[in-house]
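Asker: Have a look at this one before I ask anything.
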Amino acid sequence: MEIIIIAAIANNNIIGKDGTIPWHSKEDFKHFKETTLGFPIIMGRKTFQSIGKPLVKRKNIIITRDKNYIYNHEDVFVFNDLINSIEFCRGENYEKVFIIGGAEIYIQALKFADRLIISHMKLETEGDTFFPEFENEWKVELSKDYNDFILKEWVRK
Ligand SMILES: NC(=O)c1ccc[n+]([C@@H]2O[C@H](COP(=O)([O-])OP(=O)(O)OC[C@H]3O[C@@H](n4cnc5c(N)ncnc54)[C@H](OP(=O)(O)O)[C@@H]3O)[C@@H](O)[C@H]2O)c1
């Protein structure tokens, strides 16, 4: 099973501000949806809260340290540990799993991810949440130019 980090990153590695994403790109949203549809998506509790509802046609896996956290929905699965959530997906025989953020989860997942699918946004913004430094240990395998971003798929050097 391929473990894939998917993120949209602006200047200075900014990914968020005040608990949300400080830009709106329909083009990136479409890319995100097309890429992740049908596969499990793993996210931190804060990112799930920011999205506000489960994303359709995907197993939404929420990571929280709160052992009493409950979200009643057929597509939502709650785990208290990131590794256990990945093993759960492996047990379900998925070909891929997507780690969709936020920063706290990206930092942990970067240690064992196989691939990074990054939308490098063509914009300057301010923010308070950052994607971790990664370029030194990763190389670009594929690059594609969109209007709003350059899509790069990174694999380990
Ligand atoms: N641009 C992008 O591609 C992108 C993507 C996703 C998110 N974002 C942005 O990123 C920001 C949110 O990121 P964030 O770093 O603040 O939060 P986050 O990573 O979404 O969630 C953090 C929470 O995850 C839980 N958690 C983290 N590690 C854990 C572990 N090892 N075991 C159990 N639970 C764990 C904890 O939940 P509890 O507190 O419940 O215990 C923690 O508070 C928002 O601004 C969002 O819009 C941007």
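Scheme for the structure tokens: letters A, B, ... for chains in order shown; per-chain residue numbers from 1; ligand numbers from 1 in order shown.
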Please check which protein, DNA or RNA residues sit within 8 Å of ligand 1, counting only C-alpha atoms and all ligand atoms, and write them as a PyMOL selection string.

Answerer: chain A and resi 6-10+14-22+43-48+50-51+62-66+69+79-82+100-106+108+119+128-130

Asker: Could you dump the residues just selected with N, CA and C atoms as a tab-separated table (two decimals), in the first residue's frame?

Answerer:
```
chain	number	residue	atom	x	y	z
A	6	ILE	N	-0.68	14.37	0.62
A	6	ILE	CA	-1.17	15.34	-0.37
A	6	ILE	C	-1.38	16.68	0.35
A	7	ALA	N	-0.84	17.75	-0.25
A	7	ALA	CA	-0.92	19.06	0.39
A	7	ALA	C	-0.86	20.16	-0.66
A	8	ALA	N	-1.36	21.32	-0.29
A	8	ALA	CA	-1.20	22.53	-1.10
A	8	ALA	C	-0.37	23.50	-0.28
A	9	ILE	N	0.71	23.97	-0.88
A	9	ILE	CA	1.68	24.78	-0.15
A	9	ILE	C	1.89	26.11	-0.86
A	10	ALA	N	1.88	27.19	-0.10
A	10	ALA	CA	2.13	28.51	-0.69
A	10	ALA	C	3.58	28.93	-0.39
A	14	ILE	N	3.66	27.88	3.66
A	14	ILE	CA	2.40	28.12	4.38
A	14	ILE	C	1.31	27.17	3.87
A	15	ILE	N	0.60	26.54	4.85
A	15	ILE	CA	-0.56	25.70	4.47
A	15	ILE	C	-1.84	26.14	5.15
A	16	GLY	N	-1.75	26.99	6.18
A	16	GLY	CA	-2.97	27.37	6.89
A	16	GLY	C	-2.84	28.68	7.63
A	17	LYS	N	-4.01	29.22	7.97
A	17	LYS	CA	-4.07	30.46	8.77
A	17	LYS	C	-5.38	30.44	9.57
A	18	ASP	N	-5.29	30.69	10.85
A	18	ASP	CA	-6.48	30.73	11.72
A	18	ASP	C	-7.36	29.49	11.55
A	19	GLY	N	-6.73	28.33	11.40
A	19	GLY	CA	-7.50	27.09	11.34
A	19	GLY	C	-8.11	26.76	10.00
A	20	THR	N	-7.77	27.53	8.99
A	20	THR	CA	-8.32	27.24	7.67
A	20	THR	C	-7.24	27.44	6.60
A	21	ILE	N	-7.60	27.18	5.34
A	21	ILE	CA	-6.64	27.38	4.26
A	21	ILE	C	-6.83	28.80	3.71
A	22	PRO	N	-5.79	29.62	3.69
A	22	PRO	CA	-5.98	31.05	3.35
A	22	PRO	C	-6.03	31.35	1.84
A	43	MET	N	-6.59	12.36	8.47
A	43	MET	CA	-6.37	13.78	8.82
A	43	MET	C	-6.39	13.98	10.33
A	44	GLY	N	-5.75	15.05	10.77
A	44	GLY	CA	-5.80	15.45	12.17
A	44	GLY	C	-7.19	15.99	12.51
A	45	ARG	N	-7.50	15.91	13.79
A	45	ARG	CA	-8.83	16.36	14.25
A	45	ARG	C	-9.09	17.83	13.89
A	46	LYS	N	-8.04	18.66	13.89
A	46	LYS	CA	-8.24	20.08	13.59
A	46	LYS	C	-8.58	20.28	12.12
A	47	THR	N	-7.95	19.51	11.26
A	47	THR	CA	-8.27	19.62	9.83
A	47	THR	C	-9.69	19.15	9.57
A	48	PHE	N	-10.08	18.07	10.22
A	48	PHE	CA	-11.47	17.58	10.04
A	48	PHE	C	-12.46	18.65	10.51
A	50	SER	N	-11.99	21.79	10.56
A	50	SER	CA	-11.96	22.90	9.61
A	50	SER	C	-12.76	22.57	8.34
A	51	ILE	N	-12.71	21.31	7.89
A	51	ILE	CA	-13.50	20.91	6.71
A	51	ILE	C	-14.99	20.89	7.08
A	62	ILE	N	-10.01	10.07	11.19
A	62	ILE	CA	-9.68	11.22	12.03
A	62	ILE	C	-8.74	10.76	13.13
A	63	ILE	N	-7.65	11.50	13.32
A	63	ILE	CA	-6.68	11.19	14.38
A	63	ILE	C	-6.85	12.21	15.51
A	64	THR	N	-7.07	11.67	16.71
A	64	THR	CA	-7.21	12.53	17.89
A	64	THR	C	-6.64	11.80	19.11
A	65	ARG	N	-6.18	12.58	20.10
A	65	ARG	CA	-5.73	11.95	21.34
A	65	ARG	C	-6.90	11.78	22.30
A	66	ASP	N	-8.04	12.35	21.94
A	66	ASP	CA	-9.24	12.32	22.79
A	66	ASP	C	-9.92	10.95	22.69
A	69	TYR	N	-13.67	10.91	21.81
A	69	TYR	CA	-14.14	11.57	20.58
A	69	TYR	C	-15.03	10.60	19.80
A	79	PHE	N	-9.26	7.27	15.17
A	79	PHE	CA	-8.12	6.55	15.75
A	79	PHE	C	-7.37	7.47	16.70
A	80	ASN	N	-6.75	6.87	17.73
A	80	ASN	CA	-5.95	7.65	18.67
A	80	ASN	C	-4.47	7.60	18.31
A	81	ASP	N	-4.16	6.98	17.18
A	81	ASP	CA	-2.77	6.79	16.80
A	81	ASP	C	-2.66	6.73	15.28
A	82	LEU	N	-1.70	7.45	14.72
A	82	LEU	CA	-1.55	7.53	13.26
A	82	LEU	C	-1.17	6.18	12.66
A	100	ILE	N	-3.87	13.77	4.54
A	100	ILE	CA	-4.30	15.07	3.99
A	100	ILE	C	-4.07	16.24	4.96
A	101	GLY	N	-3.30	16.02	6.03
A	101	GLY	CA	-2.94	17.14	6.89
A	101	GLY	C	-3.60	17.09	8.25
A	102	GLY	N	-3.44	18.16	9.04
A	102	GLY	CA	-2.63	19.32	8.77
A	102	GLY	C	-1.17	19.17	9.17
A	103	ALA	N	-0.59	20.26	9.63
A	103	ALA	CA	0.85	20.30	9.86
A	103	ALA	C	1.33	19.23	10.85
A	104	GLU	N	0.59	19.08	11.95
A	104	GLU	CA	1.01	18.12	12.98
A	104	GLU	C	1.08	16.71	12.41
A	105	ILE	N	0.11	16.38	11.58
A	105	ILE	CA	0.04	15.04	10.99
A	105	ILE	C	1.10	14.92	9.88
A	106	TYR	N	1.29	15.96	9.08
A	106	TYR	CA	2.31	15.91	8.02
A	106	TYR	C	3.69	15.65	8.62
A	108	GLN	N	4.59	14.07	11.26
A	108	GLN	CA	4.74	12.66	11.67
A	108	GLN	C	4.77	11.72	10.46
A	119	SER	N	0.70	20.55	-4.37
A	119	SER	CA	0.31	21.68	-5.22
A	119	SER	C	1.10	22.89	-4.72
A	128	ASP	N	-0.05	30.86	9.56
A	128	ASP	CA	0.51	30.49	10.85
A	128	ASP	C	0.79	28.98	10.93
A	129	THR	N	0.51	28.26	9.84
A	129	THR	CA	0.71	26.81	9.84
A	129	THR	C	1.53	26.45	8.60
A	130	PHE	N	2.54	25.62	8.79
A	130	PHE	CA	3.53	25.39	7.74
A	130	PHE	C	3.73	23.91	7.46
```

Asker: Would you please give, as an NGL selection string, all residues of range 35-139 of chain A that DSSP assigns to strand (DSSP E) based on the backbone?

Answerer: :A and (41-44 or 60-63 or 76-79 or 96-99 or 115-121 or 129-130 or 138-139)

Asker: Would you save the residues of that selection, restricted to C-alpha atoms, as a PDB file, in the first residue's frame?

Answerer:
```pdb
ATOM      1  CA  ILE A  41      -7.976   9.931   3.718  1.00  0.00           C
ATOM      2  CA  ILE A  42      -6.267  10.411   7.080  1.00  0.00           C
ATOM      3  CA  MET A  43      -6.369  13.777   8.818  1.00  0.00           C
ATOM      4  CA  GLY A  44      -5.804  15.453  12.172  1.00  0.00           C
ATOM      5  CA  ASN A  60     -12.487   9.726   6.454  1.00  0.00           C
ATOM      6  CA  ILE A  61     -10.021   8.747   9.181  1.00  0.00           C
ATOM      7  CA  ILE A  62      -9.681  11.224  12.033  1.00  0.00           C
ATOM      8  CA  ILE A  63      -6.678  11.185  14.380  1.00  0.00           C
ATOM      9  CA  VAL A  76     -15.868   8.356   9.544  1.00  0.00           C
ATOM     10  CA  PHE A  77     -13.351   6.278  11.510  1.00  0.00           C
ATOM     11  CA  VAL A  78     -11.587   7.647  14.591  1.00  0.00           C
ATOM     12  CA  PHE A  79      -8.125   6.548  15.746  1.00  0.00           C
ATOM     13  CA  LYS A  96      -3.164   3.776  -1.590  1.00  0.00           C
ATOM     14  CA  VAL A  97      -3.855   5.880   1.477  1.00  0.00           C
ATOM     15  CA  PHE A  98      -3.734   9.676   1.504  1.00  0.00           C
ATOM     16  CA  ILE A  99      -2.510  11.752   4.441  1.00  0.00           C
ATOM     17  CA  ARG A 115       5.211   9.879  -2.081  1.00  0.00           C
ATOM     18  CA  LEU A 116       4.307  13.555  -1.721  1.00  0.00           C
ATOM     19  CA  ILE A 117       1.754  15.089  -4.081  1.00  0.00           C
ATOM     20  CA  ILE A 118       2.172  18.813  -3.598  1.00  0.00           C
ATOM     21  CA  SER A 119       0.312  21.677  -5.224  1.00  0.00           C
ATOM     22  CA  HIS A 120       2.871  24.482  -5.106  1.00  0.00           C
ATOM     23  CA  MET A 121       0.462  27.428  -5.161  1.00  0.00           C
ATOM     24  CA  THR A 129       0.709  26.813   9.838  1.00  0.00           C
ATOM     25  CA  PHE A 130       3.530  25.392   7.744  1.00  0.00           C
ATOM     26  CA  TRP A 138      13.057  14.158  -1.717  1.00  0.00           C
ATOM     27  CA  LYS A 139      13.302  14.581  -5.490  1.00  0.00           C
TER      28      LYS A 139
END
```

Asker: Need to verify the contact set: Glu27 in chain A, 12 Å, only C-alpha atoms, exclusion of same-chain residues closer than 2 positions in sequence. Can you return it as a PDB file with C-alpha atoms, in the first residue's frame?

Answerer:
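out-v7.pdb, freshly written:
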```pdb
ATOM      1  CA  ALA A   8      -1.202  22.526  -1.104  1.00  0.00           C
ATOM      2  CA  TRP A  23      -6.862  30.741  -0.341  1.00  0.00           C
ATOM      3  CA  HIS A  24      -9.552  29.194  -2.482  1.00  0.00           C
ATOM      4  CA  SER A  25      -8.634  27.356  -5.666  1.00  0.00           C
ATOM      5  CA  PHE A  29      -9.993  21.344  -5.027  1.00  0.00           C
ATOM      6  CA  LYS A  30     -10.803  19.438  -8.247  1.00  0.00           C
ATOM      7  CA  HIS A  31      -7.311  17.921  -8.354  1.00  0.00           C
ATOM      8  CA  PHE A  32      -7.600  16.909  -4.675  1.00  0.00           C
ATOM      9  CA  LYS A  33     -10.995  15.308  -5.224  1.00  0.00           C
ATOM     10  CA  GLU A  34      -9.991  13.434  -8.381  1.00  0.00           C
ATOM     11  CA  SER A 119       0.312  21.677  -5.224  1.00  0.00           C
ATOM     12  CA  MET A 121       0.462  27.428  -5.161  1.00  0.00           C
ATOM     13  CA  ASP A 145       1.819  23.232 -14.663  1.00  0.00           C
ATOM     14  CA  TYR A 146      -1.730  24.350 -13.792  1.00  0.00           C
ATOM     15  CA  ASN A 147      -3.141  27.889 -13.731  1.00  0.00           C
ATOM     16  CA  ASP A 148      -3.127  28.196  -9.926  1.00  0.00           C
ATOM     17  CA  PHE A 149      -0.257  25.888  -9.006  1.00  0.00           C
ATOM     18  CA  ILE A 150       2.572  23.677 -10.128  1.00  0.00           C
ATOM     19  CA  LEU A 151       1.813  20.090  -9.246  1.00  0.00           C
TER      20      LEU A 151
END
```

Asker: What is the CA of Glu135 in chain A-CA of Trp154 in chain A distance in Å, reported with one decimal?

Answerer: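 Distance between the two atoms: 8.8 Å.
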